[in-house]
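Below is the file start15.pdb, which contains PDB, C-alpha atoms.
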ATOM      1  CA  MET D   1     112.367  61.221 114.204  1.00  0.00           C
ATOM      2  CA  THR D   2     111.054  63.699 111.662  1.00  0.00           C
ATOM      3  CA  ASP D   3     114.165  63.209 109.511  1.00  0.00           C
ATOM      4  CA  ASP D   4     113.760  59.437 109.722  1.00  0.00           C
ATOM      5  CA  ILE D   5     110.077  59.441 108.739  1.00  0.00           C
ATOM      6  CA  SER D   6     110.703  61.974 105.976  1.00  0.00           C
ATOM      7  CA  GLN D   7     113.427  59.739 104.517  1.00  0.00           C
ATOM      8  CA  LYS D   8     111.257  56.642 104.761  1.00  0.00           C
ATOM      9  CA  LEU D   9     108.354  58.319 102.970  1.00  0.00           C
ATOM     10  CA  SER D  10     110.711  59.769 100.353  1.00  0.00           C
ATOM     11  CA  ARG D  11     112.100  56.320  99.740  1.00  0.00           C
ATOM     12  CA  MET D  12     108.630  54.860  99.299  1.00  0.00           C
ATOM     13  CA  ILE D  13     107.852  57.543  96.704  1.00  0.00           C
ATOM     14  CA  LEU D  14     111.152  57.395  94.825  1.00  0.00           C
ATOM     15  CA  ASP D  15     111.128  53.586  94.812  1.00  0.00           C
ATOM     16  CA  GLY D  16     107.616  53.561  93.355  1.00  0.00           C
ATOM     17  CA  LYS D  17     105.898  52.041  96.363  1.00  0.00           C
ATOM     18  CA  LEU D  18     103.784  55.194  96.395  1.00  0.00           C
ATOM     19  CA  VAL D  19     103.114  56.326  92.842  1.00  0.00           C
ATOM     20  CA  ALA D  20     102.255  59.727  91.395  1.00  0.00           C
ATOM     21  CA  GLY D  21      98.652  60.641  92.067  1.00  0.00           C
ATOM     22  CA  GLU D  22      98.262  58.159  94.904  1.00  0.00           C
ATOM     23  CA  GLN D  23      96.895  59.451  98.178  1.00  0.00           C
ATOM     24  CA  LEU D  24      99.125  59.073 101.231  1.00  0.00           C
ATOM     25  CA  PRO D  25      97.705  57.142 104.183  1.00  0.00           C
ATOM     26  CA  THR D  26      96.225  59.319 106.917  1.00  0.00           C
ATOM     27  CA  GLU D  27      98.475  60.900 109.510  1.00  0.00           C
ATOM     28  CA  GLN D  28      97.002  58.588 112.130  1.00  0.00           C
ATOM     29  CA  SER D  29      97.652  55.513 110.018  1.00  0.00           C
ATOM     30  CA  LEU D  30     101.242  56.542 109.294  1.00  0.00           C
ATOM     31  CA  ALA D  31     101.851  57.423 112.935  1.00  0.00           C
ATOM     32  CA  GLU D  32     100.685  53.971 114.029  1.00  0.00           C
ATOM     33  CA  SER D  33     102.685  52.296 111.258  1.00  0.00           C
ATOM     34  CA  PHE D  34     105.926  54.077 112.144  1.00  0.00           C
ATOM     35  CA  GLY D  35     105.301  54.123 115.877  1.00  0.00           C
ATOM     36  CA  VAL D  36     105.559  57.900 116.250  1.00  0.00           C
ATOM     37  CA  ALA D  37     103.315  60.808 117.167  1.00  0.00           C
ATOM     38  CA  ARG D  38     101.068  62.400 114.548  1.00  0.00           C
ATOM     39  CA  THR D  39     102.992  65.668 114.920  1.00  0.00           C
ATOM     40  CA  VAL D  40     106.141  63.897 113.673  1.00  0.00           C
ATOM     41  CA  VAL D  41     104.304  62.561 110.629  1.00  0.00           C
ATOM     42  CA  ARG D  42     102.768  65.984 109.978  1.00  0.00           C
ATOM     43  CA  GLU D  43     106.181  67.666 109.988  1.00  0.00           C
ATOM     44  CA  ALA D  44     107.660  64.952 107.750  1.00  0.00           C
ATOM     45  CA  ILE D  45     104.866  65.407 105.205  1.00  0.00           C
ATOM     46  CA  SER D  46     105.385  69.162 105.387  1.00  0.00           C
ATOM     47  CA  ARG D  47     109.005  68.642 104.334  1.00  0.00           C
ATOM     48  CA  LEU D  48     107.940  66.467 101.426  1.00  0.00           C
ATOM     49  CA  LYS D  49     105.546  69.212 100.330  1.00  0.00           C
ATOM     50  CA  HIS D  50     108.391  71.723 100.446  1.00  0.00           C
ATOM     51  CA  ASP D  51     110.473  69.468  98.184  1.00  0.00           C
ATOM     52  CA  GLY D  52     107.576  69.006  95.791  1.00  0.00           C
ATOM     53  CA  LEU D  53     107.261  65.274  96.432  1.00  0.00           C
ATOM     54  CA  VAL D  54     103.770  65.686  97.883  1.00  0.00           C
ATOM     55  CA  ASP D  55     100.930  68.120  97.318  1.00  0.00           C
ATOM     56  CA  SER D  56      97.791  68.757  99.344  1.00  0.00           C
ATOM     57  CA  ARG D  57      94.208  68.925  98.205  1.00  0.00           C
ATOM     58  CA  GLN D  58      91.923  70.996 100.387  1.00  0.00           C
ATOM     59  CA  GLY D  59      89.667  68.802 102.468  1.00  0.00           C
ATOM     60  CA  VAL D  60      90.914  65.601 100.828  1.00  0.00           C
ATOM     61  CA  GLY D  61      94.485  64.887 101.939  1.00  0.00           C
ATOM     62  CA  ALA D  62      98.075  64.606 100.688  1.00  0.00           C
ATOM     63  CA  PHE D  63      98.933  63.024  97.347  1.00  0.00           C
ATOM     64  CA  VAL D  64     102.178  61.985  95.667  1.00  0.00           C
ATOM     65  CA  ALA D  65     103.126  64.722  93.216  1.00  0.00           C
ATOM     66  CA  GLU D  66     103.986  64.180  89.579  1.00  0.00           C
ATOM     67  CA  PRO D  67     107.778  63.930  88.996  1.00  0.00           C
ATOM     68  CA  SER D  68     107.702  67.123  86.927  1.00  0.00           C
ATOM     69  CA  ALA D  69     106.479  69.049  89.985  1.00  0.00           C
ATOM     70  CA  ARG D  70     109.384  68.051  92.218  1.00  0.00           C
ATOM     71  CA  SER D  71     111.621  70.903  93.300  1.00  0.00           C
ATOM     72  CA  ALA D  72     114.418  68.867  94.895  1.00  0.00           C
ATOM     73  CA  PHE D  73     116.852  66.428  93.317  1.00  0.00           C
ATOM     74  CA  ARG D  74     117.112  63.251  95.365  1.00  0.00           C
ATOM     75  CA  ILE D  75     118.932  59.948  95.106  1.00  0.00           C
ATOM     76  CA  SER D  76     117.097  57.141  96.824  1.00  0.00           C
ATOM     77  CA  PRO D  77     119.030  55.125  99.427  1.00  0.00           C
ATOM     78  CA  ALA D  78     118.023  52.038  97.435  1.00  0.00           C
ATOM     79  CA  CYS D  79     120.243  53.229  94.589  1.00  0.00           C
ATOM     80  CA  PHE D  80     123.269  52.490  96.727  1.00  0.00           C
ATOM     81  CA  GLU D  81     122.258  48.846  97.039  1.00  0.00           C
ATOM     82  CA  LYS D  82     122.333  48.053  93.321  1.00  0.00           C
ATOM     83  CA  ARG D  83     125.352  47.804  91.060  1.00  0.00           C
ATOM     84  CA  GLN D  84     123.561  49.238  88.008  1.00  0.00           C
ATOM     85  CA  LYS D  85     122.316  52.230  89.977  1.00  0.00           C
ATOM     86  CA  LEU D  86     125.797  52.839  91.337  1.00  0.00           C
ATOM     87  CA  LEU D  87     127.114  52.841  87.788  1.00  0.00           C
ATOM     88  CA  GLU D  88     124.419  55.324  86.748  1.00  0.00           C
ATOM     89  CA  ILE D  89     125.376  57.633  89.615  1.00  0.00           C
ATOM     90  CA  LEU D  90     129.030  57.355  88.560  1.00  0.00           C
ATOM     91  CA  GLN D  91     128.055  58.235  84.984  1.00  0.00           C
ATOM     92  CA  LEU D  92     126.251  61.300  86.282  1.00  0.00           C
ATOM     93  CA  ARG D  93     129.285  62.331  88.278  1.00  0.00           C
ATOM     94  CA  THR D  94     131.552  61.753  85.267  1.00  0.00           C
ATOM     95  CA  GLY D  95     129.834  64.363  83.133  1.00  0.00           C
ATOM     96  CA  ILE D  96     129.668  66.991  85.862  1.00  0.00           C
ATOM     97  CA  THR D  97     133.224  66.497  87.147  1.00  0.00           C
ATOM     98  CA  SER D  98     134.552  66.462  83.596  1.00  0.00           C
ATOM     99  CA  GLU D  99     132.946  69.842  82.969  1.00  0.00           C
ATOM    100  CA  ALA D 100     134.302  71.118  86.292  1.00  0.00           C
ATOM    101  CA  ALA D 101     137.839  70.098  85.364  1.00  0.00           C
ATOM    102  CA  GLY D 102     137.631  71.892  82.036  1.00  0.00           C
ATOM    103  CA  LEU D 103     136.452  75.064  83.742  1.00  0.00           C
ATOM    104  CA  ALA D 104     139.058  74.692  86.475  1.00  0.00           C
ATOM    105  CA  ALA D 105     141.811  74.527  83.867  1.00  0.00           C
ATOM    106  CA  VAL D 106     140.698  77.952  82.670  1.00  0.00           C
ATOM    107  CA  HIS D 107     139.997  79.604  86.014  1.00  0.00           C
ATOM    108  CA  ARG D 108     142.346  77.927  88.497  1.00  0.00           C
ATOM    109  CA  THR D 109     144.668  80.009  90.639  1.00  0.00           C
ATOM    110  CA  ASP D 110     148.112  79.244  92.053  1.00  0.00           C
ATOM    111  CA  ALA D 111     146.426  78.608  95.413  1.00  0.00           C
ATOM    112  CA  ASP D 112     144.124  76.058  93.757  1.00  0.00           C
ATOM    113  CA  LEU D 113     147.109  74.284  92.223  1.00  0.00           C
ATOM    114  CA  GLN D 114     148.931  74.216  95.536  1.00  0.00           C
ATOM    115  CA  PHE D 115     145.917  72.644  97.231  1.00  0.00           C
ATOM    116  CA  MET D 116     145.558  70.049  94.454  1.00  0.00           C
ATOM    117  CA  ASP D 117     149.271  69.204  94.649  1.00  0.00           C
ATOM    118  CA  THR D 118     148.930  68.604  98.386  1.00  0.00           C
ATOM    119  CA  ALA D 119     145.843  66.423  97.927  1.00  0.00           C
ATOM    120  CA  TYR D 120     147.626  64.426  95.226  1.00  0.00           C
ATOM    121  CA  ASP D 121     150.686  63.966  97.459  1.00  0.00           C
ATOM    122  CA  ASN D 122     148.394  62.687 100.213  1.00  0.00           C
ATOM    123  CA  MET D 123     146.901  60.136  97.811  1.00  0.00           C
ATOM    124  CA  GLU D 124     150.389  59.052  96.808  1.00  0.00           C
ATOM    125  CA  ARG D 125     151.534  58.658 100.415  1.00  0.00           C
ATOM    126  CA  ALA D 126     148.438  56.582 101.208  1.00  0.00           C
ATOM    127  CA  LEU D 127     149.585  53.973  98.693  1.00  0.00           C
ATOM    128  CA  SER D 128     152.438  52.949 100.962  1.00  0.00           C
ATOM    129  CA  GLY D 129     150.183  52.533 104.000  1.00  0.00           C
ATOM    130  CA  GLY D 130     148.131  49.566 105.137  1.00  0.00           C
ATOM    131  CA  ASP D 131     144.367  49.226 105.320  1.00  0.00           C
ATOM    132  CA  ALA D 132     144.229  52.125 107.771  1.00  0.00           C
ATOM    133  CA  ALA D 133     145.398  54.417 104.961  1.00  0.00           C
ATOM    134  CA  ALA D 134     142.288  53.686 102.877  1.00  0.00           C
ATOM    135  CA  GLU D 135     140.282  56.420 104.571  1.00  0.00           C
ATOM    136  CA  LYS D 136     143.124  58.903 104.080  1.00  0.00           C
ATOM    137  CA  HIS D 137     143.187  58.009 100.402  1.00  0.00           C
ATOM    138  CA  VAL D 138     139.437  58.469 100.006  1.00  0.00           C
ATOM    139  CA  LEU D 139     139.492  61.811 101.816  1.00  0.00           C
ATOM    140  CA  ALA D 140     142.469  63.046  99.812  1.00  0.00           C
ATOM    141  CA  GLU D 141     140.815  62.069  96.530  1.00  0.00           C
ATOM    142  CA  ARG D 142     137.617  63.779  97.587  1.00  0.00           C
ATOM    143  CA  SER D 143     139.528  66.944  98.523  1.00  0.00           C
ATOM    144  CA  PHE D 144     141.279  66.854  95.165  1.00  0.00           C
ATOM    145  CA  TYR D 145     138.066  66.768  93.124  1.00  0.00           C
ATOM    146  CA  GLN D 146     136.227  69.106  95.469  1.00  0.00           C
ATOM    147  CA  ARG D 147     138.905  71.731  94.908  1.00  0.00           C
ATOM    148  CA  ILE D 148     138.526  71.197  91.169  1.00  0.00           C
ATOM    149  CA  ALA D 149     134.814  71.913  91.571  1.00  0.00           C
ATOM    150  CA  GLU D 150     135.617  75.048  93.565  1.00  0.00           C
ATOM    151  CA  ALA D 151     138.171  76.177  90.983  1.00  0.00           C
ATOM    152  CA  SER D 152     135.582  75.777  88.219  1.00  0.00           C
ATOM    153  CA  GLY D 153     133.927  78.960  89.431  1.00  0.00           C
ATOM    154  CA  ASN D 154     130.497  77.357  89.056  1.00  0.00           C
ATOM    155  CA  GLN D 155     128.675  77.337  92.389  1.00  0.00           C
ATOM    156  CA  TYR D 156     126.015  74.913  91.169  1.00  0.00           C
ATOM    157  CA  ILE D 157     128.632  72.317  90.227  1.00  0.00           C
ATOM    158  CA  LEU D 158     130.212  72.645  93.663  1.00  0.00           C
ATOM    159  CA  GLU D 159     126.872  72.355  95.485  1.00  0.00           C
ATOM    160  CA  PHE D 160     125.749  69.343  93.448  1.00  0.00           C
ATOM    161  CA  LEU D 161     128.967  67.387  93.959  1.00  0.00           C
ATOM    162  CA  SER D 162     128.954  68.268  97.672  1.00  0.00           C
ATOM    163  CA  MET D 163     125.414  66.925  97.914  1.00  0.00           C
ATOM    164  CA  LEU D 164     126.473  63.729  96.168  1.00  0.00           C
ATOM    165  CA  ASP D 165     129.459  63.246  98.486  1.00  0.00           C
ATOM    166  CA  THR D 166     127.232  63.783 101.514  1.00  0.00           C
ATOM    167  CA  ARG D 167     124.788  61.175 100.201  1.00  0.00           C
ATOM    168  CA  ILE D 168     127.607  58.695  99.670  1.00  0.00           C
ATOM    169  CA  ASP D 169     128.793  59.291 103.242  1.00  0.00           C
ATOM    170  CA  MET D 170     125.275  58.629 104.513  1.00  0.00           C
ATOM    171  CA  GLU D 171     124.619  55.461 102.538  1.00  0.00           C
ATOM    172  CA  LEU D 172     127.888  54.038 101.280  1.00  0.00           C
ATOM    173  CA  ARG D 173     130.862  55.071 103.408  1.00  0.00           C
ATOM    174  CA  SER D 174     132.022  51.554 104.346  1.00  0.00           C
ATOM    175  CA  VAL D 175     131.591  50.341 100.770  1.00  0.00           C
ATOM    176  CA  ALA D 176     133.521  53.341  99.448  1.00  0.00           C
ATOM    177  CA  MET D 177     136.412  52.504 101.753  1.00  0.00           C
ATOM    178  CA  LYS D 178     136.390  48.868 100.679  1.00  0.00           C
ATOM    179  CA  ASN D 179     136.205  49.843  97.020  1.00  0.00           C
ATOM    180  CA  ALA D 180     139.192  52.168  97.518  1.00  0.00           C
ATOM    181  CA  ARG D 181     141.250  49.285  98.888  1.00  0.00           C
ATOM    182  CA  VAL D 182     140.207  46.807  96.217  1.00  0.00           C
ATOM    183  CA  THR D 183     140.128  48.797  92.963  1.00  0.00           C
ATOM    184  CA  GLU D 184     141.091  52.464  93.416  1.00  0.00           C
ATOM    185  CA  TRP D 185     144.343  52.066  95.287  1.00  0.00           C
ATOM    186  CA  SER D 186     147.183  51.488  92.824  1.00  0.00           C
ATOM    187  CA  ALA D 187     149.933  53.301  90.945  1.00  0.00           C
ATOM    188  CA  GLU D 188     147.877  52.991  87.753  1.00  0.00           C
ATOM    189  CA  VAL D 189     144.875  54.769  89.268  1.00  0.00           C
ATOM    190  CA  LEU D 190     147.154  57.395  90.796  1.00  0.00           C
ATOM    191  CA  ALA D 191     148.472  58.091  87.295  1.00  0.00           C
ATOM    192  CA  GLU D 192     144.902  58.811  86.182  1.00  0.00           C
ATOM    193  CA  HIS D 193     144.612  61.514  88.853  1.00  0.00           C
ATOM    194  CA  LYS D 194     148.041  62.843  87.898  1.00  0.00           C
ATOM    195  CA  ALA D 195     146.901  63.335  84.308  1.00  0.00           C
ATOM    196  CA  VAL D 196     143.997  65.457  85.554  1.00  0.00           C
ATOM    197  CA  LEU D 197     146.302  67.541  87.729  1.00  0.00           C
ATOM    198  CA  GLU D 198     148.841  68.182  84.972  1.00  0.00           C
ATOM    199  CA  ALA D 199     146.185  69.153  82.451  1.00  0.00           C
ATOM    200  CA  ILE D 200     144.774  71.705  84.897  1.00  0.00           C
ATOM    201  CA  ARG D 201     148.294  72.928  85.623  1.00  0.00           C
ATOM    202  CA  ALA D 202     148.846  73.434  81.891  1.00  0.00           C
ATOM    203  CA  GLN D 203     145.459  75.191  81.645  1.00  0.00           C
ATOM    204  CA  ASP D 204     144.455  72.745  78.910  1.00  0.00           C
ATOM    205  CA  GLU D 205     140.662  72.752  79.125  1.00  0.00           C
ATOM    206  CA  THR D 206     140.101  69.864  76.704  1.00  0.00           C
ATOM    207  CA  ALA D 207     142.804  67.624  78.189  1.00  0.00           C
ATOM    208  CA  ALA D 208     141.550  68.229  81.744  1.00  0.00           C
ATOM    209  CA  SER D 209     138.004  67.325  80.810  1.00  0.00           C
ATOM    210  CA  GLN D 210     139.114  64.224  78.912  1.00  0.00           C
ATOM    211  CA  ALA D 211     141.429  63.095  81.720  1.00  0.00           C
ATOM    212  CA  VAL D 212     138.567  63.162  84.228  1.00  0.00           C
ATOM    213  CA  ARG D 213     136.274  61.331  81.834  1.00  0.00           C
ATOM    214  CA  TYR D 214     138.979  58.712  81.259  1.00  0.00           C
ATOM    215  CA  HIS D 215     139.481  58.167  84.993  1.00  0.00           C
ATOM    216  CA  TYR D 216     135.789  57.846  85.818  1.00  0.00           C
ATOM    217  CA  SER D 217     135.150  55.589  82.826  1.00  0.00           C
ATOM    218  CA  LEU D 218     137.829  53.209  84.087  1.00  0.00           C
ATOM    219  CA  ALA D 219     136.495  53.535  87.642  1.00  0.00           C
ATOM    220  CA  ALA D 220     133.059  52.517  86.368  1.00  0.00           C
ATOM    221  CA  GLN D 221     134.559  49.516  84.612  1.00  0.00           C
ATOM    222  CA  ARG D 222     136.445  48.499  87.739  1.00  0.00           C
ATOM    223  CA  LEU D 223     133.214  48.758  89.698  1.00  0.00           C
ATOM    224  CA  ALA D 224     131.323  46.691  87.112  1.00  0.00           C
ATOM    225  CA  ASP D 225     134.003  44.012  87.264  1.00  0.00           C
ATOM    226  CA  ARG D 226     133.778  43.646  91.053  1.00  0.00           C
ATOM    227  CA  ALA D 227     132.783  40.054  91.742  1.00  0.00           C
ATOM    228  CA  ASP D 228     132.109  40.825  95.412  1.00  0.00           C
ATOM    229  CA  LEU D 229     129.497  43.506  94.788  1.00  0.00           C
ATOM    230  CA  ALA D 230     125.935  42.226  94.909  1.00  0.00           C
ATOM    231  CA  ASP D 231     123.638  42.519  91.890  1.00  0.00           C
ATOM    232  CA  THR D 232     120.421  42.827  93.915  1.00  0.00           C
TER     233      THR D 232
END

structure tokens encoding of this file:
Amino acid sequence: MTDDISQKLSRMILDGKLVAGEQLPTEQSLAESFGVARTVVREAISRLKHDGLVDSRQGVGAFVAEPSARSAFRISPACFEKRQKLLEILQLRTGITSEAAGLAAVHRTDADLQFMDTAYDNMERALSGGDAAAEKHVLAERSFYQRIAEASGNQYILEFLSMLDTRIDMELRSVAMKNARVTEWSAEVLAEHKAVLEAIRAQDETAASQAVRYHYSLAAQRLADRADLADT
């Protein structure tokens, strides 16, 4: 329950329903509103304080902190409901994964290449399967780019992309599977991944970075062109 209330309050802050400088309702009021005990609300607010979303004023109460004071990077669940926000998240991922690929081309090992080859082969095999293979394709693609992040040698890149993947699993798993079937499941898209793999194999830092940027730019365009994705 604490996780649930913490997420709900975070969403209210990040969506602007509670703005910087605004005082949070009392623990009693929030407890009644959410239908939980005050101890649950207290713990949830404590987590928000730890993340820098909320600060306390002695004898007054808890207030929404200024964005500059926040110590945790968060992506609101609402972002996954809007096409433009999804595109912005993809743009963010493009830059970071592109940098990871360039670094991986320099630092990759034979073991890294072997893992990437296997992940690529799994993506290729998924093309010949039916709808049930969509999840295998998504997982293989994720493994492919996660290993690139690992091979980059930059722990912060790896942690950030892992956080993003976890968030997508929480908020967007079914949509990700559908998107894989509709737009990311073709020989043409597979060739985009192949270009990334071969550039890393050749230890061409610039080509690896550009290949990732090319793939994600096209992925963003395919997402933007989806007629079945709501523009709420």

Name all residues at most 8 Å from segment 57-65 of chain D (count all atoms listed in the file; drop same-chain ones fewer than 4 positions away) and give them as a ChimeraX atom specification.
/D:13,18-24,26,52-53,69-70

Considering only C-alpha atoms, state which residue in the set D:Ala126, D:Ala202, D:Val106, D:Leu190 is at the smallest distance from Ala151 of chain D.
D:Val106

One decimal, in Å: what's the spacing between atom CA of Asn154 of chain D and atom CA of Ala104 of chain D?
9.3 Å

Nearest to Ser128 of chain D by atom-to-atom distance, counting all atoms listed in the file, from D:Glu205, D:Trp185, D:Val54, D:Met12:
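Closest residue, counting all atoms listed in the file: D:Trp185.
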
Step by step, gather every atom of segment 204-207 of chain D that the file lists, find the box along x, y and z that holds them, add 5 Å on each side, and finally give centre and edge lengths in Å to one decimal, as JSON.
{"center_x": 142.3, "center_y": 70.2, "center_z": 77.9, "size_x": 14.4, "size_y": 15.1, "size_z": 12.4}

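As for atom CA of Leu197 of chain D and atom CA of Ala224 of chain D, they are spaced 25.7 Å apart.
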
Neighbouring residues of Asp110 of chain D were defined as those with any atom within 12 Å, considering all atoms listed in the file; residues of the same chain fewer than 2 positions away were excluded. Please report them as a list of chain:residue names.
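Counting only the stated atoms, we get D:Ala104, D:Ala105, D:His107, D:Arg108, D:Asp112, D:Leu113, D:Gln114, D:Phe115, D:Met116, D:Asp117, D:Ala151, D:Ile200, D:Arg201, D:Ala202, D:Gln203.
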
Output the residue selection produced by the PyMOL selection byres ((chain D and resi 99) around 9) on the file above, formatted as a VMD selection string.
chain D and resid 94 to 98 100 to 104 152 157 208 to 209 212

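For the set D:Glu159, D:Pro67, D:Ile148, D:Ala187, the residue with the smallest atom-to-atom gap to Ala199 of chain D is D:Ile148, counting all atoms listed in the file.
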
Using Å and a single decimal, report how far atom CA of Ile89 of chain D sits from atom CA of Gly129 of chain D.
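According to the coordinates, atom CA of Gly129 of chain D and atom CA of Ile89 of chain D are separated by 29.1 Å.
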
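Taking all atoms listed in the file into account, Ser162 of chain D lies nearest to D:Arg93 out of the set D:Lys49, D:Arg42, D:Arg93, D:His215.
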
Using only C-alpha atoms, find the one residue out of D:Glu43, D:Asp204, D:Glu188, D:Glu141 that sits nearest to Asp3 of chain D.
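Of D:Glu43, D:Asp204, D:Glu188, D:Glu141, the one nearest Asp3 of chain D is D:Glu43, counting only C-alpha atoms.
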
Selection dump of the PyMOL selection byres ((chain D and resi 8) around 12), as an mmCIF file with C-alpha atoms, in the frame of the given file:
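After the write, result.cif holds the following:
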data_model
loop_
_atom_site.group_PDB
_atom_site.id
_atom_site.type_symbol
_atom_site.label_atom_id
_atom_site.label_comp_id
_atom_site.auth_asym_id
_atom_site.auth_seq_id
_atom_site.Cartn_x
_atom_site.Cartn_y
_atom_site.Cartn_z
ATOM 1 C CA MET D 1 112.367 61.221 114.204
ATOM 2 C CA THR D 2 111.054 63.699 111.662
ATOM 3 C CA ASP D 3 114.165 63.209 109.511
ATOM 4 C CA ASP D 4 113.760 59.437 109.722
ATOM 5 C CA ILE D 5 110.077 59.441 108.739
ATOM 6 C CA SER D 6 110.703 61.974 105.976
ATOM 7 C CA GLN D 7 113.427 59.739 104.517
ATOM 8 C CA LEU D 9 108.354 58.319 102.970
ATOM 9 C CA SER D 10 110.711 59.769 100.353
ATOM 10 C CA ARG D 11 112.100 56.320 99.740
ATOM 11 C CA MET D 12 108.630 54.860 99.299
ATOM 12 C CA ILE D 13 107.852 57.543 96.704
ATOM 13 C CA LEU D 14 111.152 57.395 94.825
ATOM 14 C CA ASP D 15 111.128 53.586 94.812
ATOM 15 C CA LYS D 17 105.898 52.041 96.363
ATOM 16 C CA LEU D 18 103.784 55.194 96.395
ATOM 17 C CA LEU D 30 101.242 56.542 109.294
ATOM 18 C CA SER D 33 102.685 52.296 111.258
ATOM 19 C CA PHE D 34 105.926 54.077 112.144
ATOM 20 C CA VAL D 41 104.304 62.561 110.629
ATOM 21 C CA ALA D 44 107.660 64.952 107.750
ATOM 22 C CA ILE D 45 104.866 65.407 105.205
ATOM 23 C CA LEU D 48 107.940 66.467 101.426
ATOM 24 C CA SER D 76 117.097 57.141 96.824
ATOM 25 C CA PRO D 77 119.030 55.125 99.427
ATOM 26 C CA ALA D 78 118.023 52.038 97.435
#
